[in-house]
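J.: One structure coming up, written as structure tokens, with questions to follow.
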Amino acid sequence: MDLEFRNLTYVVQSLGIPKGPRKLVVKGVDGRFTSGQLVAIMGPSGAGKSSLLNALSGYRSAGVTGELLVNGQPRDEHLFQRSSCYITQEDLLQPLLTVREAMDVAAKLKVPKGLKAPSEEILQEMGLLEHQHTRTDMLSGGQKKRLSIALELVNNPPIFFLDEPTSGLDTVTTTQCVKVLKQLARQGRTVVCTIHQPAASLLELFDQVYVIADGRCIYQGDTGAMVPFLRSVGLPCPVHHNPADFIIELTENPEIITHLSKEIMNGKLYKSSKLEDAPPQAAPNQMQLKISYQTDDFQETEIILSNEKCTYKVPNYEGSSASVSSLSSQLSNGNSSMAWMKMQKSDTPGYATTYCEQFTILLKRMMTQIIRNRQGLSIQFIHHVMCGVLVGICFFNMANDGTQMFNHLKLCVGLVIFFAYTQIMVPVLVYPQEVKLVKKEHFNCWYSLTPYYAALTVSKLPVQVTFNIIFSTIVYFMAGIPFSVSRFVAFCLIGNVVSLAAEGMGLAIGSVFNVQNGCAIGPSAIAPFLGLAIYGFDFAHEIPLLMNILMKTSFIRCGIVAMVLTIFGFDRQPLACNDMYCHFAKPDVLLKYLDIENSSVWYEIAIMLGIMFVFRSMCYIGLRWRFAT
Ligand SMILES: Nc1ncnc2c1ncn2[C@@H]1O[C@H](COP(=O)(O)OP(=O)(O)OP(=O)(O)O)[C@@H](O)[C@H]1O
């Protein structure tokens with residue numbers, strides 16, 4: 001597939017706020033990347049390489065304007081997303097799975113039922129077959145990079161975008177990696193990657209170079225034509241100097257950037273080494289270097305030479321009905337686009353599998369990862385048991401003592417805070433990395449967000465609920481709360497609902513705001529809810545209406561009220577009184593004193609579930625919105 005862009009501009013909000021200052025990072029560039037070519041986007045740091053790649057691939061869409069054409073036709077975003085893949089600079093691989101398992105999950109999600117993905121061949125080609133039983137987190141940097149490529153190869157997309165695939169790799173591994181990319185390109189794919197400053201030997205492996213500086217294109221053309229171009233504009237590259245180093249050194253001078261950008265018409269021109277290599281008599285003037293593309297209609301592209309015109313038909317973007325025998329043969333015989341067309345036949349628009357299949361595959365993957373995370377499980381187990389025993393010791397056998405009214409309240413508040421803080425830490429620690437991974441997989445059309453979100457919620461429940469029940473049981477019996485089935489069930493249920501609501505709040509803040517910072521502020525976001533809860537137990541004064549309404553939004557308050565109602569409700573008998581007079585020995589007195597005698601445990605739990613639902617919906621919408629921009 002040929003990719004063409006015209007007057008491409010990318011504007012970002014410098015401070016990340018909608019009405020904040022804007023910065024132009026890609027400045028109306030043109031260019032064209034053809035199938036079968038390995039293209040390097042080069043430039044100094046901060047030039048806009050990643051921004052250009054993100055804009056071209058669709059990984060970023062907010063702030064991008066300009067014309068994007070695929071095979072000469074305007075780009076259909078959904079179709080393009082399905083036909084391309086984006087490999088991030090960071091190796092985002094699912095942890096705790098072996099190479100083979102990761103490949104199998106990718107194949108199940110990306111290849112429609114009935115078609116067999118050539119996982120074995122791909123692993124063989126990528127040199128990973130002997131490491132197929134190694135866990136992804138144990139692989140070396142180069143192997144991780146090759147696995148990232150292998151995972152995307154299972155459905156054989158015709159366009160590959162890679163952001164700095166060689167960063168962090170040594171020279172030998174870098175060369176191996178670029179050779180793999182070259183092989184992919186030779187099989188008929190369009191492979192575009194950003195690269196910092198390649199060595200001369202590495203640069204030669206690229207077919208085409210696109211150099212960007214200060215958001216403008218300063219060179220576009222065949223790799224071999226770069227030095228002659230620089231010579232022709234009065235900037236000869238010294239002999240024995242690496243051309244990549246030389247052109248990047250030139251960008252230190254803003255005037256040279258302007259000069260080169262004008263010469264290459266900000267990417268409208270393509271420098272061909274064939275024309276450069278042509279004998280002087282075949283090039284009577286320098287105009288033959290200036291080639292531009294014009295599309296009169298969606299079927300033809302005109303290449304205008306100095307005074308001659310040649311026209312060629314572009315292949316049809318929407319597809320072909322040609323049948324192909326087997327996918328693996330297509331992989332090796334180079335008919336990448338055809339193979340891809342065949343892979344896309346599925347009942348679910350946009351995805352190779354149905355939502356139900358996606359949910360099942362993802363749930364299985366998540367459960368496997370949870371079970372294999374022995375260290376995490378052990379830490380959680382010890383944490384819950386230790387905290388349960390400590391809380392139990394603090395309030396040992398107090399639950400039936402009519403003189404301990406304040407300690408009873410402290411126990412209820414303490415329990416709710418424990419459940420809230422324990423769960424809100426989970427998004428803080430895990431979510432930022434998880435979101436990056438999901439964004440990559442979702443963007444590369446592995447699955448939709450809905451089944452992912454459903455699987456995420458369901459997969460965590462068994463472990464979360466089990467640990468909460470362990471903690472609750474220890475506290476319940478150590479504190480000496482009288483046993484009744486309904487009281488015990490409500491006691492355990494409250495803990496779980498509070499923790500789910502707190503986790504939902506952490507996820508919602510993380511999704512709506514920046515994921516890293518959002519998750520980090522999650523724990524402090526509990527504080528206002530706690531404040532409202534404590535304010536609500538103001539025995540002396542009338543609570544103003546506004547505060548009353550705000551208090552209703554505090555899931556912490558709901559949790560505490562439900563906890564008090566559980567411990568002192570359910571027809572509880574009067575508490576033991578070892579003093580002359582115990583004002584709160586009768587449970588009804590305490591409930592009346594707290595002004596909650598008319599409330600019910602199930603009502604408070606229902607409100608908490610409602611709040612949890614709102615938080616989790618916010619998280620889902622926030623994620624959707626983030627991924628869409
Ligand atoms: N979301 C953003 N908000 C603010 N500035 C941004 C954003 N994205 C990119 N920029 C700015 O745009 C410019 C280009 O960034 P980009 O990451 O594309 O550069 P790069 O050429 O890939 O650099 P490097 O090689 O160092 O990764 C930089 O000055 C960067 O600070």
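Starting from 1 in every chain, residues are counted up; chains themselves are A, B, ... following the order of the structure tokens, and ligands are numbered from 1 as listed.
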Residues within 7 Å of ligand 1 should be enumerated using only C-alpha atoms and all ligand atoms and returned as a PyMOL selection string.
T.: chain A and resi 12-16+23+25+43-52+196
J.: Between A:Leu362, A:Leu184, A:Leu24, A:Leu202, which is the closest to Lys108 in chain A once you count only C-alpha atoms?
T.: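 Comparing A:Leu362, A:Leu184, A:Leu24, A:Leu202 against Lys108 in chain A, the winner is A:Leu362.
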J.: Quick one: residues within 9 Å of Arg186 in chain A, only C-alpha atoms, excluding same-chain residues fewer than 4 positions away - as a PyMOL selection string?
T.: chain A and resi 35-38+181-182+190+334
J.: Neighbouring residues of Ile264 in chain A were defined as those with any atom within 8 Å, considering only C-alpha atoms; residues of the same chain fewer than 6 positions away were excluded. Please report them as number ranges by chain.
T.: A: 217-220, 270
J.: Next, dump the selected residues to file, keeping only C-alpha atoms, as a short mmCIF file (atom, residue, chain, number, x, y, z; two decimals), in the first residue's frame.
T.:
data_model
loop_
_atom_site.label_atom_id
_atom_site.label_comp_id
_atom_site.auth_asym_id
_atom_site.auth_seq_id
_atom_site.Cartn_x
_atom_site.Cartn_y
_atom_site.Cartn_z
CA CYS A 217 10.84 18.29 5.71
CA ILE A 218 14.43 18.97 4.67
CA TYR A 219 14.97 15.86 2.57
CA GLN A 220 12.85 13.18 0.98
CA TYR A 270 11.25 13.22 -4.17
#
J.: Would you mind listing what lies within 7 Å of range 484-496 of chain A as a list in words, with only C-alpha atoms counted and same-chain residues fewer than 5 positions away left out?
T.: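 Counting only C-alpha atoms, the residues come to Val416, Phe419, Val465, Asn468, Ile469, Ser472, Gly559, Met563, Thr566, Phe570 and Ile605 of chain A.
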J.: If you run DSSP on this backbone, which residues of range 48-238 of chain A come out as strand (DSSP E or B), and could you give them as an MDAnalysis selection string?
T.: chainID A and resid 64:70 73:74 84:87 98 135 159:162 190:194 208:213 216:222
J.: Would you save the residues from that selection as a short mmCIF file (atom, residue, chain, number, x, y, z; two decimals), in the first residue's frame, using N, CA and C atoms?
T.:
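Produced file out08.cif, reproduced below:
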data_model
loop_
_atom_site.label_atom_id
_atom_site.label_comp_id
_atom_site.auth_asym_id
_atom_site.auth_seq_id
_atom_site.Cartn_x
_atom_site.Cartn_y
_atom_site.Cartn_z
N VAL A 64 -4.40 16.89 14.15
CA VAL A 64 -3.79 16.56 12.86
C VAL A 64 -4.69 17.05 11.72
N THR A 65 -4.14 17.82 10.81
CA THR A 65 -4.89 18.24 9.62
C THR A 65 -4.05 17.97 8.39
N GLY A 66 -4.69 17.96 7.25
CA GLY A 66 -3.98 17.70 5.99
C GLY A 66 -4.62 16.54 5.26
N GLU A 67 -4.08 16.26 4.10
CA GLU A 67 -4.66 15.19 3.28
C GLU A 67 -3.83 13.93 3.43
N LEU A 68 -4.50 12.83 3.69
CA LEU A 68 -3.77 11.55 3.78
C LEU A 68 -4.38 10.59 2.77
N LEU A 69 -3.56 10.08 1.89
CA LEU A 69 -4.06 9.21 0.82
C LEU A 69 -3.43 7.83 0.93
N VAL A 70 -4.23 6.83 0.63
CA VAL A 70 -3.72 5.47 0.58
C VAL A 70 -3.97 4.95 -0.83
N GLN A 73 -6.08 7.18 -2.84
CA GLN A 73 -7.45 7.49 -2.43
C GLN A 73 -7.45 8.06 -1.02
N PRO A 74 -8.42 8.94 -0.71
CA PRO A 74 -8.46 9.47 0.66
C PRO A 74 -8.53 8.34 1.67
N SER A 84 -2.91 -1.34 9.03
CA SER A 84 -1.58 -0.94 9.47
C SER A 84 -1.37 -1.38 10.91
N CYS A 85 -0.13 -1.36 11.34
CA CYS A 85 0.13 -1.61 12.75
C CYS A 85 1.20 -0.65 13.23
N TYR A 86 1.12 -0.37 14.51
CA TYR A 86 2.03 0.61 15.11
C TYR A 86 2.80 -0.07 16.22
N ILE A 87 4.11 0.01 16.14
CA ILE A 87 4.93 -0.62 17.19
C ILE A 87 5.65 0.49 17.95
N THR A 98 4.50 -16.82 27.98
CA THR A 98 5.67 -17.19 27.17
C THR A 98 5.49 -16.60 25.77
N ARG A 135 9.58 -16.62 28.94
CA ARG A 135 8.60 -15.58 29.26
C ARG A 135 9.00 -14.27 28.61
N ILE A 159 1.04 -2.40 6.18
CA ILE A 159 1.82 -1.22 6.56
C ILE A 159 2.29 -1.35 8.00
N PHE A 160 3.56 -1.10 8.21
CA PHE A 160 4.15 -1.14 9.55
C PHE A 160 4.70 0.23 9.91
N PHE A 161 4.30 0.73 11.07
CA PHE A 161 4.91 1.95 11.60
C PHE A 161 5.68 1.55 12.86
N LEU A 162 6.92 1.99 12.95
CA LEU A 162 7.70 1.65 14.15
C LEU A 162 8.38 2.91 14.68
N THR A 190 4.82 -1.78 3.35
CA THR A 190 5.39 -0.45 3.50
C THR A 190 5.85 -0.38 4.95
N VAL A 191 7.13 -0.18 5.17
CA VAL A 191 7.65 -0.17 6.54
C VAL A 191 8.27 1.20 6.81
N VAL A 192 7.67 1.92 7.74
CA VAL A 192 8.13 3.27 8.05
C VAL A 192 8.57 3.30 9.50
N CYS A 193 9.81 3.75 9.74
CA CYS A 193 10.22 3.85 11.15
C CYS A 193 11.01 5.12 11.40
N THR A 194 10.92 5.60 12.62
CA THR A 194 11.74 6.74 13.00
C THR A 194 13.06 6.18 13.52
N GLN A 208 14.53 4.44 1.57
CA GLN A 208 14.10 5.84 1.47
C GLN A 208 14.33 6.55 2.79
N VAL A 209 14.68 7.82 2.68
CA VAL A 209 14.92 8.60 3.89
C VAL A 209 14.02 9.84 3.85
N TYR A 210 13.45 10.15 4.98
CA TYR A 210 12.63 11.36 5.11
C TYR A 210 13.21 12.11 6.31
N VAL A 211 13.82 13.27 6.04
CA VAL A 211 14.48 13.99 7.14
C VAL A 211 13.61 15.18 7.54
N ILE A 212 13.40 15.29 8.83
CA ILE A 212 12.55 16.36 9.34
C ILE A 212 13.36 17.16 10.37
N ALA A 213 13.20 18.47 10.33
CA ALA A 213 13.86 19.34 11.32
C ALA A 213 12.93 20.51 11.58
N ARG A 216 9.70 20.62 9.77
CA ARG A 216 9.64 20.76 8.31
C ARG A 216 10.47 19.67 7.64
N CYS A 217 10.09 19.32 6.43
CA CYS A 217 10.84 18.29 5.71
C CYS A 217 12.06 18.95 5.07
N ILE A 218 13.24 18.39 5.32
CA ILE A 218 14.43 18.97 4.67
C ILE A 218 15.04 18.00 3.66
N TYR A 219 14.55 16.78 3.64
CA TYR A 219 14.97 15.86 2.57
C TYR A 219 13.96 14.73 2.47
N GLN A 220 13.67 14.37 1.22
CA GLN A 220 12.85 13.18 0.98
C GLN A 220 13.33 12.52 -0.29
N GLY A 221 13.67 11.28 -0.20
CA GLY A 221 14.10 10.60 -1.41
C GLY A 221 14.85 9.33 -1.12
N ASP A 222 15.44 8.78 -2.18
CA ASP A 222 16.21 7.55 -2.01
C ASP A 222 17.41 7.84 -1.11
#
J.: Please report the interatomic distance between CA of Glu255 in chain A and CA of Val227 in chain A in Å with one decimal.
T.: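 CA of Val227 in chain A lies at a distance of 19.0 Å from CA of Glu255 in chain A.
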J.: Write out as a list in words the residues lying within 12 Å of Thr368 in chain A, counting only C-alpha atoms and excluding same-chain residues fewer than 4 positions away.
T.: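 Here the answer would be Gln94, Pro95, Leu96, Leu97, Thr98, Glu101, Ala102, Val105, Ile361, Leu362, Leu363, Lys364, Arg372, Asn373, Arg374, Ser459 and Lys460 of chain A.
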J.: Using only C-alpha atoms, which protein or nucleic acid residues come within 7 Å of Thr34 in chain A? Drop anything in the same chain fewer than 6 positions from it, and give the result as a ChimeraX atom specification.
T.: /A:1-3,190
J.: With DSSP run on the backbone, what are the alpha helix (DSSP H) residues within range 49-96 of chain A? I'd like them as a list in words.
T.: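 Of range 49-96 of chain A, the ones in alpha helix (DSSP H) are Lys49, Ser50, Ser51, Leu52, Leu53, Asn54, Ala55, Leu56, Ser57, Glu77, His78, Leu79, Phe80, Gln81, Arg82 and Ser83 of chain A.
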J.: Please dump the current selection as a PDB file, in the first residue's frame; keep C-alpha atoms.
T.:
ATOM      1  CA  LYS A  49       9.768  12.482  13.990  1.00  0.00           C
ATOM      2  CA  SER A  50       7.520  10.676  16.451  1.00  0.00           C
ATOM      3  CA  SER A  51       4.817  13.304  15.978  1.00  0.00           C
ATOM      4  CA  LEU A  52       4.888  12.765  12.206  1.00  0.00           C
ATOM      5  CA  LEU A  53       4.775   8.986  12.634  1.00  0.00           C
ATOM      6  CA  ASN A  54       1.899   9.251  15.123  1.00  0.00           C
ATOM      7  CA  ALA A  55      -0.044  11.546  12.785  1.00  0.00           C
ATOM      8  CA  LEU A  56       0.542   9.312   9.754  1.00  0.00           C
ATOM      9  CA  SER A  57      -0.373   6.106  11.533  1.00  0.00           C
ATOM     10  CA  GLU A  77      -9.532   5.731   8.949  1.00  0.00           C
ATOM     11  CA  HIS A  78     -11.087   2.451  10.039  1.00  0.00           C
ATOM     12  CA  LEU A  79      -9.870   0.487   7.066  1.00  0.00           C
ATOM     13  CA  PHE A  80      -6.432   2.035   7.410  1.00  0.00           C
ATOM     14  CA  GLN A  81      -6.264   1.212  11.098  1.00  0.00           C
ATOM     15  CA  ARG A  82      -7.000  -2.387  10.266  1.00  0.00           C
ATOM     16  CA  SER A  83      -4.416  -2.488   7.519  1.00  0.00           C
TER      17      SER A  83
END
J.: Looking at only C-alpha atoms, which of A:Phe568, A:Tyr59, A:Tyr603, A:Phe584 is the one that sits closest to Cys412 in chain A?
T.: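 Of all the options, A:Phe568 lies closest to Cys412 in chain A.
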